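This report refers to the structure that appears directly beneath it.
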Amino acid sequence: MSHAAQIGYFADSFASMKKILVANRGEIALRVMRTARRMGIQTVAVYSEADRNAPHVRFADEAYLLGPAPSGESYLRIDKILEIARHTGSEGIHPGYGFLSEQALFAEKVQQAGLIYIGPRPHAIEVMGSKLAAKDAVKPFDIPMVPGSGHAISDPVEARRLADDIGYPVLMKASAGGGGKGMRIVESSEEVASQLERASSEALAAFGDGSVFLEKYIRSPRHIEVQVLADHHGNTVYLFERECSIQRRHQKVVEEAPSAFVTPEIRKAIGEAAVRVAKACGYVNAGTVEFLMDADRKFYFLEMNTRLQVEHPVSEWITGLDLVEWQIRVARGEPLGFTQDELKINGHAFELRVYAEDPENNFLPSTGVLHRYREPQGRHVRVDSGFEEGMEVPIYYDPMLSKLIVHGRDREEARQLLIKAITEYEIEGIATTLPFGLFVAQHEAFISGQFDTHFVQNYFTADSISQMRQPTGEAAGIMAAYLHHKDGQLLKLPEDQNGRWYDRRR
Ligand code: ADP
């Protein structure tokens, strides 16, 4: 019996929850519905006018229009979503990520309506939704934290005094922040007052809450996060870490599990710290505890995300668990069918977020129609997407087209598979982060695992991609194959004598 089967991955009987509504769109709505269907659960989609013909709408057993394209008039309409849930007899609501997924009020209203919220309790969402409240909540639990002000500041004199104490550079952050927004690096005393004013008005505009706080700026950090899963019976486990240091604008683009930098001892320590964070807020369901790790492998708590993360598939692949299945099972009261000791890491997984952005033009959003859209196939490849050939990329929502996920027996095999999958992925009509992924996957720093959150800043320029087209070295060969393939001609990649291209090792 496989390990996955031993720990209950292939459960065949599901008692309650016959129908769920998925309050989201795109790849995540589809991904949630696929698991629900496998579990014999009926699915209800909601959609905006811009998404009338979207794959998630067609996939669902039932689909209902929410309203016009802007999310405020559609995907954020709590009243409408609850009305549709009642009308369709849905028993649970899955929020996906983004939109309403981190609104405690939504979770609360779902419960008040007598439905099951497939996620944590409103209280946990509330506490962890504020970076400052989160730090307060975990303080008594022996969690290492980045030195900082610990509270919101609005007085420039106090800010300057605190920043001087912390030592420069200092990072100014919005307490309600998210998506890398509202962060400012302050290099000296003189800048504190002006940066405080800017950061605070930016935070107010973006999050409706102007509170900002100070944190020591860690010079060369890695972003390491831990997937946790907790049931209603007091069991909390960690599903190991994800390395998410390849970022642009403080936002992740390439993720992997496990991290090449984390040792077994650190893995255990950071995993157990993540479990303590989860317990600090009475956490139930799937969640992610984010840490920064410095060059000495010291880690510091950043925040907790109280939902399924975009990058959850890399953890699924190395653990053999379907996180959405476990979200649903936990939500309906089942205990986790396994203990920490039964969880093992199997191989290595990478994820590349395929954004409709132009890496040759400062990652600016790229809009248009997907004239050609062909996904790579194979049993080492998983593509979670919400798009099809001929579709237009709407300007209203997150510009992520899909997630390309690969799994290999070890990091090097997975890396080769990532390169192969990128070269086989055909997207025409808009610019994407695919060539950026190719750049990352072939970069020495990435190959060696020696990189931090400044990877893009340190190594990537607007010319990097055109340089890959220059006729020098292996990189050029792969890029040429990529372009060749894009032109609709035969793809030729180096193969070993068994014809298994991905098994070739350096
Ligand atoms: P958000 O909620 O906006 O995503 P996070 O607190 O999760 O903000 O931080 C996002 C990213 O910003 C991190 O992954 C890291 O790259 C950078 N960052 C955050 N805090 C620090 C810090 N104290 N020092 C250095 N980099 C930081």
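Chain labels run A, B, ... following the order of the structure tokens; each chain numbers its residues from 1, and ligands are numbered from 1 in the order shown.
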Could you pull the residues within 9 Å of Tyr397 in chain A, counting only C-alpha atoms, minus those fewer than 4 positions along the same chain, as an NGL selection string?
-> :A and (69-71 or 393)
DSSP helix (DSSP H, G or I) residues within range 378-430 of chain A, listed as a count of residues only | 14
For range 237-250 of chain A, list every protein, DNA or RNA residue within 6 Å, evaluated using only C-alpha atoms, and leave out those in the same chain fewer than 6 positions away; present the list as a ChimeraX atom specification.
-> /A:180,222-229,256-259,271,340,452-453
All heavy atoms of the current selection, written as a compact mmCIF listing (two decimals), in the first residue's frame:
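File selection_2.txt, as written:
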```txt
# COMPACT_ATOMS: atom_id res chain seq x y z
N GLY A 180 2.60 42.24 -0.59
CA GLY A 180 3.83 43.03 -0.71
C GLY A 180 3.60 44.54 -0.78
O GLY A 180 4.54 45.31 -0.97
N ARG A 222 15.65 34.77 3.28
CA ARG A 222 14.90 33.85 2.43
C ARG A 222 13.49 33.83 3.00
O ARG A 222 13.29 33.98 4.20
CB ARG A 222 15.53 32.46 2.49
CG ARG A 222 16.97 32.46 2.01
CD ARG A 222 17.59 31.10 2.14
NE ARG A 222 17.14 30.23 1.08
CZ ARG A 222 17.95 29.69 0.17
NH1 ARG A 222 19.24 29.94 0.16
NH2 ARG A 222 17.48 28.87 -0.74
N HIS A 223 12.54 33.67 2.11
CA HIS A 223 11.15 33.55 2.55
C HIS A 223 10.83 32.06 2.62
O HIS A 223 10.79 31.37 1.61
CB HIS A 223 10.22 34.26 1.57
CG HIS A 223 8.77 34.11 1.91
ND1 HIS A 223 7.96 35.18 2.25
CD2 HIS A 223 7.97 33.02 1.99
CE1 HIS A 223 6.75 34.75 2.51
NE2 HIS A 223 6.72 33.43 2.35
N ILE A 224 10.67 31.58 3.84
CA ILE A 224 10.36 30.17 4.03
C ILE A 224 9.03 30.10 4.78
O ILE A 224 8.86 30.76 5.81
CB ILE A 224 11.44 29.46 4.90
CG1 ILE A 224 12.85 29.74 4.35
CG2 ILE A 224 11.14 27.98 5.04
CD1 ILE A 224 13.40 28.80 3.35
N GLU A 225 8.10 29.33 4.26
CA GLU A 225 6.81 29.24 4.93
C GLU A 225 6.46 27.79 5.19
O GLU A 225 6.95 26.89 4.50
CB GLU A 225 5.73 29.91 4.08
CG GLU A 225 5.60 29.29 2.69
CD GLU A 225 4.60 30.04 1.79
OE1 GLU A 225 4.50 31.27 1.89
OE2 GLU A 225 3.93 29.35 1.00
N VAL A 226 5.63 27.60 6.21
CA VAL A 226 5.28 26.24 6.61
C VAL A 226 3.78 26.01 6.44
O VAL A 226 2.97 26.82 6.89
CB VAL A 226 5.69 25.98 8.08
CG1 VAL A 226 5.31 24.56 8.50
CG2 VAL A 226 7.19 26.20 8.26
N GLN A 227 3.43 24.94 5.76
CA GLN A 227 2.03 24.56 5.61
C GLN A 227 1.58 23.84 6.87
O GLN A 227 2.23 22.89 7.29
CB GLN A 227 1.87 23.62 4.40
CG GLN A 227 0.46 23.11 4.19
CD GLN A 227 -0.48 24.21 3.71
OE1 GLN A 227 -0.21 24.88 2.73
NE2 GLN A 227 -1.58 24.42 4.43
N VAL A 228 0.50 24.31 7.46
CA VAL A 228 -0.04 23.59 8.63
C VAL A 228 -1.46 23.12 8.32
O VAL A 228 -2.13 23.65 7.45
CB VAL A 228 -0.02 24.44 9.92
CG1 VAL A 228 1.39 24.76 10.36
CG2 VAL A 228 -0.85 25.70 9.77
N LEU A 229 -1.85 22.12 9.07
CA LEU A 229 -3.20 21.57 8.92
C LEU A 229 -3.66 21.18 10.33
O LEU A 229 -2.94 20.51 11.06
CB LEU A 229 -3.13 20.34 8.00
CG LEU A 229 -4.41 19.70 7.52
CD1 LEU A 229 -5.29 20.68 6.75
CD2 LEU A 229 -4.09 18.50 6.63
N GLU A 256 9.20 26.37 -4.22
CA GLU A 256 9.59 24.96 -4.23
C GLU A 256 9.41 24.33 -2.86
O GLU A 256 9.35 25.01 -1.85
CB GLU A 256 11.05 24.79 -4.70
CG GLU A 256 12.08 25.45 -3.83
CD GLU A 256 13.51 25.26 -4.36
OE1 GLU A 256 13.98 24.10 -4.44
OE2 GLU A 256 14.14 26.27 -4.70
N ALA A 257 9.30 23.02 -2.87
CA ALA A 257 9.25 22.26 -1.62
C ALA A 257 9.98 20.95 -1.84
O ALA A 257 9.82 20.33 -2.87
CB ALA A 257 7.80 21.97 -1.22
N PRO A 258 10.85 20.55 -0.92
CA PRO A 258 11.26 21.32 0.25
C PRO A 258 12.26 22.40 -0.14
O PRO A 258 12.64 22.50 -1.31
CB PRO A 258 11.92 20.24 1.13
CG PRO A 258 12.46 19.24 0.15
CD PRO A 258 11.49 19.23 -1.00
N SER A 259 12.70 23.21 0.82
CA SER A 259 13.72 24.22 0.54
C SER A 259 15.09 23.56 0.49
O SER A 259 15.38 22.68 1.30
CB SER A 259 13.71 25.28 1.65
OG SER A 259 14.91 26.03 1.59
N GLY A 271 8.99 23.84 11.68
CA GLY A 271 7.67 23.17 11.61
C GLY A 271 6.97 23.24 12.96
O GLY A 271 5.78 23.57 13.05
N GLN A 340 2.04 13.47 12.79
CA GLN A 340 3.24 14.12 12.25
C GLN A 340 4.27 13.08 11.81
O GLN A 340 4.88 13.20 10.75
CB GLN A 340 3.85 15.04 13.31
CG GLN A 340 4.98 15.89 12.79
CD GLN A 340 4.51 16.90 11.75
OE1 GLN A 340 3.61 17.69 11.99
NE2 GLN A 340 5.11 16.87 10.58
N ASP A 452 18.49 34.48 -2.33
CA ASP A 452 17.60 35.04 -1.32
C ASP A 452 16.49 35.84 -2.00
O ASP A 452 16.34 35.75 -3.22
CB ASP A 452 18.40 35.88 -0.30
CG ASP A 452 19.16 37.02 -0.96
OD1 ASP A 452 18.66 37.55 -1.96
OD2 ASP A 452 20.25 37.37 -0.48
N THR A 453 15.77 36.64 -1.23
CA THR A 453 14.62 37.36 -1.81
C THR A 453 15.06 38.45 -2.81
O THR A 453 14.22 39.03 -3.47
CB THR A 453 13.75 38.03 -0.72
OG1 THR A 453 14.59 38.89 0.05
CG2 THR A 453 13.10 37.01 0.19
```
Give me, as JSON lines, each residue of chain A that comes within 7 Å of ligand 1, together with its shortest interatomic pair and the distance in Å at one decimal, counting only C-alpha atoms and all ligand atoms, with rows ordered by chain and rising residue number.
```
{"residue": "A:Val146", "atom": "CA", "partner": "ligand 1", "partner_atom_place_in_ligand_line": "23 (N)", "distance": 6.2}
{"residue": "A:Leu171", "atom": "CA", "partner": "ligand 1", "partner_atom_place_in_ligand_line": "23 (N)", "distance": 5.9}
{"residue": "A:Gly177", "atom": "CA", "partner": "ligand 1", "partner_atom_place_in_ligand_line": "3 (O)", "distance": 4.9}
{"residue": "A:Gly178", "atom": "CA", "partner": "ligand 1", "partner_atom_place_in_ligand_line": "3 (O)", "distance": 3.2}
{"residue": "A:Gly179", "atom": "CA", "partner": "ligand 1", "partner_atom_place_in_ligand_line": "3 (O)", "distance": 4.1}
{"residue": "A:Gly180", "atom": "CA", "partner": "ligand 1", "partner_atom_place_in_ligand_line": "3 (O)", "distance": 3.1}
{"residue": "A:Lys181", "atom": "CA", "partner": "ligand 1", "partner_atom_place_in_ligand_line": "3 (O)", "distance": 5.0}
{"residue": "A:Glu215", "atom": "CA", "partner": "ligand 1", "partner_atom_place_in_ligand_line": "23 (N)", "distance": 5.2}
{"residue": "A:Lys216", "atom": "CA", "partner": "ligand 1", "partner_atom_place_in_ligand_line": "23 (N)", "distance": 5.2}
{"residue": "A:Tyr217", "atom": "CA", "partner": "ligand 1", "partner_atom_place_in_ligand_line": "24 (N)", "distance": 3.7}
{"residue": "A:Ile218", "atom": "CA", "partner": "ligand 1", "partner_atom_place_in_ligand_line": "24 (N)", "distance": 3.8}
{"residue": "A:Arg219", "atom": "CA", "partner": "ligand 1", "partner_atom_place_in_ligand_line": "25 (C)", "distance": 6.1}
{"residue": "A:Pro221", "atom": "CA", "partner": "ligand 1", "partner_atom_place_in_ligand_line": "25 (C)", "distance": 6.1}
{"residue": "A:His223", "atom": "CA", "partner": "ligand 1", "partner_atom_place_in_ligand_line": "14 (O)", "distance": 4.9}
{"residue": "A:Ser245", "atom": "CA", "partner": "ligand 1", "partner_atom_place_in_ligand_line": "14 (O)", "distance": 6.6}
{"residue": "A:Gln247", "atom": "CA", "partner": "ligand 1", "partner_atom_place_in_ligand_line": "16 (O)", "distance": 7.0}
{"residue": "A:His250", "atom": "CA", "partner": "ligand 1", "partner_atom_place_in_ligand_line": "11 (C)", "distance": 4.5}
{"residue": "A:Gln251", "atom": "CA", "partner": "ligand 1", "partner_atom_place_in_ligand_line": "4 (O)", "distance": 6.6}
{"residue": "A:Glu290", "atom": "CA", "partner": "ligand 1", "partner_atom_place_in_ligand_line": "7 (O)", "distance": 6.7}
{"residue": "A:Leu292", "atom": "CA", "partner": "ligand 1", "partner_atom_place_in_ligand_line": "15 (C)", "distance": 6.9}
{"residue": "A:Leu302", "atom": "CA", "partner": "ligand 1", "partner_atom_place_in_ligand_line": "6 (O)", "distance": 5.3}
{"residue": "A:Glu303", "atom": "CA", "partner": "ligand 1", "partner_atom_place_in_ligand_line": "6 (O)", "distance": 6.1}
{"residue": "A:Thr453", "atom": "CA", "partner": "ligand 1", "partner_atom_place_in_ligand_line": "16 (O)", "distance": 5.1}
```
Tell me which protein, DNA and RNA residues are within 10 Å of Ala445 in chain A, counting only C-alpha atoms, leaving out same-chain ones fewer than 6 positions away, and put them as a PyMOL selection string.
-> chain A and resi 451-452+455+459
For Ala230 in chain A: contacts at 7 Å, only C-alpha atoms, fewer than 5 positions along chain excluded, given as a list in words = Asn235, Thr236, Val237, Tyr283, Val284, Asn285 and Ala286 of chain A
Would you kindly return, as a PyMOL selection string, each protein, DNA or RNA residue with an atom no farther than 8 Å from any atom of Phe99 in chain A, considering only C-alpha atoms and excluding same-chain residues fewer than 5 positions away?
-> chain A and resi 24+71+75-76
Could those residues be written to a file, using all heavy atoms, as a PDB file, in the first residue's frame?
```
ATOM      1  N   ASN A  24     -15.238  31.885  -5.660  1.00  0.00           N
ATOM      2  CA  ASN A  24     -14.007  32.341  -6.287  1.00  0.00           C
ATOM      3  C   ASN A  24     -14.082  32.090  -7.789  1.00  0.00           C
ATOM      4  O   ASN A  24     -15.107  31.643  -8.291  1.00  0.00           O
ATOM      5  CB  ASN A  24     -12.794  31.635  -5.665  1.00  0.00           C
ATOM      6  CG  ASN A  24     -11.599  32.552  -5.569  1.00  0.00           C
ATOM      7  OD1 ASN A  24     -11.089  33.018  -6.583  1.00  0.00           O
ATOM      8  ND2 ASN A  24     -11.128  32.826  -4.361  1.00  0.00           N
ATOM      9  N   SER A  71     -14.812  43.425  -8.965  1.00  0.00           N
ATOM     10  CA  SER A  71     -15.043  42.457  -7.887  1.00  0.00           C
ATOM     11  C   SER A  71     -15.964  42.993  -6.791  1.00  0.00           C
ATOM     12  O   SER A  71     -16.694  42.224  -6.168  1.00  0.00           O
ATOM     13  CB  SER A  71     -13.735  41.930  -7.326  1.00  0.00           C
ATOM     14  OG  SER A  71     -12.804  42.955  -7.206  1.00  0.00           O
ATOM     15  N   TYR A  75     -17.549  39.274  -7.029  1.00  0.00           N
ATOM     16  CA  TYR A  75     -16.940  38.280  -6.132  1.00  0.00           C
ATOM     17  C   TYR A  75     -16.828  38.728  -4.672  1.00  0.00           C
ATOM     18  O   TYR A  75     -16.548  37.908  -3.802  1.00  0.00           O
ATOM     19  CB  TYR A  75     -15.571  37.844  -6.677  1.00  0.00           C
ATOM     20  CG  TYR A  75     -15.699  37.126  -7.996  1.00  0.00           C
ATOM     21  CD1 TYR A  75     -15.390  37.777  -9.197  1.00  0.00           C
ATOM     22  CD2 TYR A  75     -16.172  35.825  -8.060  1.00  0.00           C
ATOM     23  CE1 TYR A  75     -15.543  37.128 -10.419  1.00  0.00           C
ATOM     24  CE2 TYR A  75     -16.320  35.168  -9.280  1.00  0.00           C
ATOM     25  CZ  TYR A  75     -16.009  35.828 -10.458  1.00  0.00           C
ATOM     26  OH  TYR A  75     -16.161  35.182 -11.652  1.00  0.00           O
ATOM     27  N   LEU A  76     -17.050  40.000  -4.407  1.00  0.00           N
ATOM     28  CA  LEU A  76     -16.991  40.455  -3.010  1.00  0.00           C
ATOM     29  C   LEU A  76     -18.394  40.669  -2.424  1.00  0.00           C
ATOM     30  O   LEU A  76     -18.524  41.162  -1.304  1.00  0.00           O
ATOM     31  CB  LEU A  76     -16.162  41.755  -2.906  1.00  0.00           C
ATOM     32  CG  LEU A  76     -14.678  41.622  -3.273  1.00  0.00           C
ATOM     33  CD1 LEU A  76     -13.978  42.976  -3.263  1.00  0.00           C
ATOM     34  CD2 LEU A  76     -13.959  40.668  -2.309  1.00  0.00           C
TER      35      LEU A  76
END
```
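Those residues that approach Ile125 in chain A to within 8 Å, counting only C-alpha atoms, are A:Glu102, A:Gln103, A:Ala104, A:Thr306; same-chain residues fewer than 6 positions away are not listed.
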Using only C-alpha atoms, which of A:Lys135, A:Lys344, A:Lys19, A:Arg374 sits nearest Leu321 in chain A?
-> A:Lys344
Selected residue of minimal separation from Ser201 in chain A among A:His443, A:Met183, A:His233, A:Ala280, counting only C-alpha atoms |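 Once distances to Ser201 in chain A are computed over only C-alpha atoms, the minimum belongs to A:Met183.
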Members of range 124-193 of chain A assigned strand (DSSP E or B) by DSSP, as JSON, numbers by chain | {"A": [145, 148, 153, 170, 171, 172, 173, 174, 184, 185, 186]}
Expressed in Å to a single decimal, how great is the separation between CA of Leu196 in chain A and CA of Ala137 in chain A?
->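 Between CA of Leu196 in chain A and CA of Ala137 in chain A the gap is 25.1 Å.
What separates CA of Val44 in chain A from CA of Tyr64 in chain A is a distance of 7.7 Å.
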Nearest to Ile422 in chain A among A:Phe363, A:Phe350, A:Trp317, A:Phe460, with distances taken over only C-alpha atoms: which residue is it?
-> A:Phe350
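With only C-alpha atoms as the atoms that count, the minimum distance from Val314 in chain A to the choices A:Ala274, A:Val57, A:Val170, A:Ala414 is reached by A:Ala414.
Closest to Tyr47 in chain A among A:Gln416, A:Ser385, A:Ser74, A:Ser466 is A:Ser74, based on only C-alpha atoms.
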Out of A:Ile447, A:Ala60, A:Met391, A:Ala462, which residue has the shortest atom-to-atom distance to Gly429 in chain A when counting only C-alpha atoms?
->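 Checking each candidate against Gly429 in chain A, we get A:Met391 as the closest.
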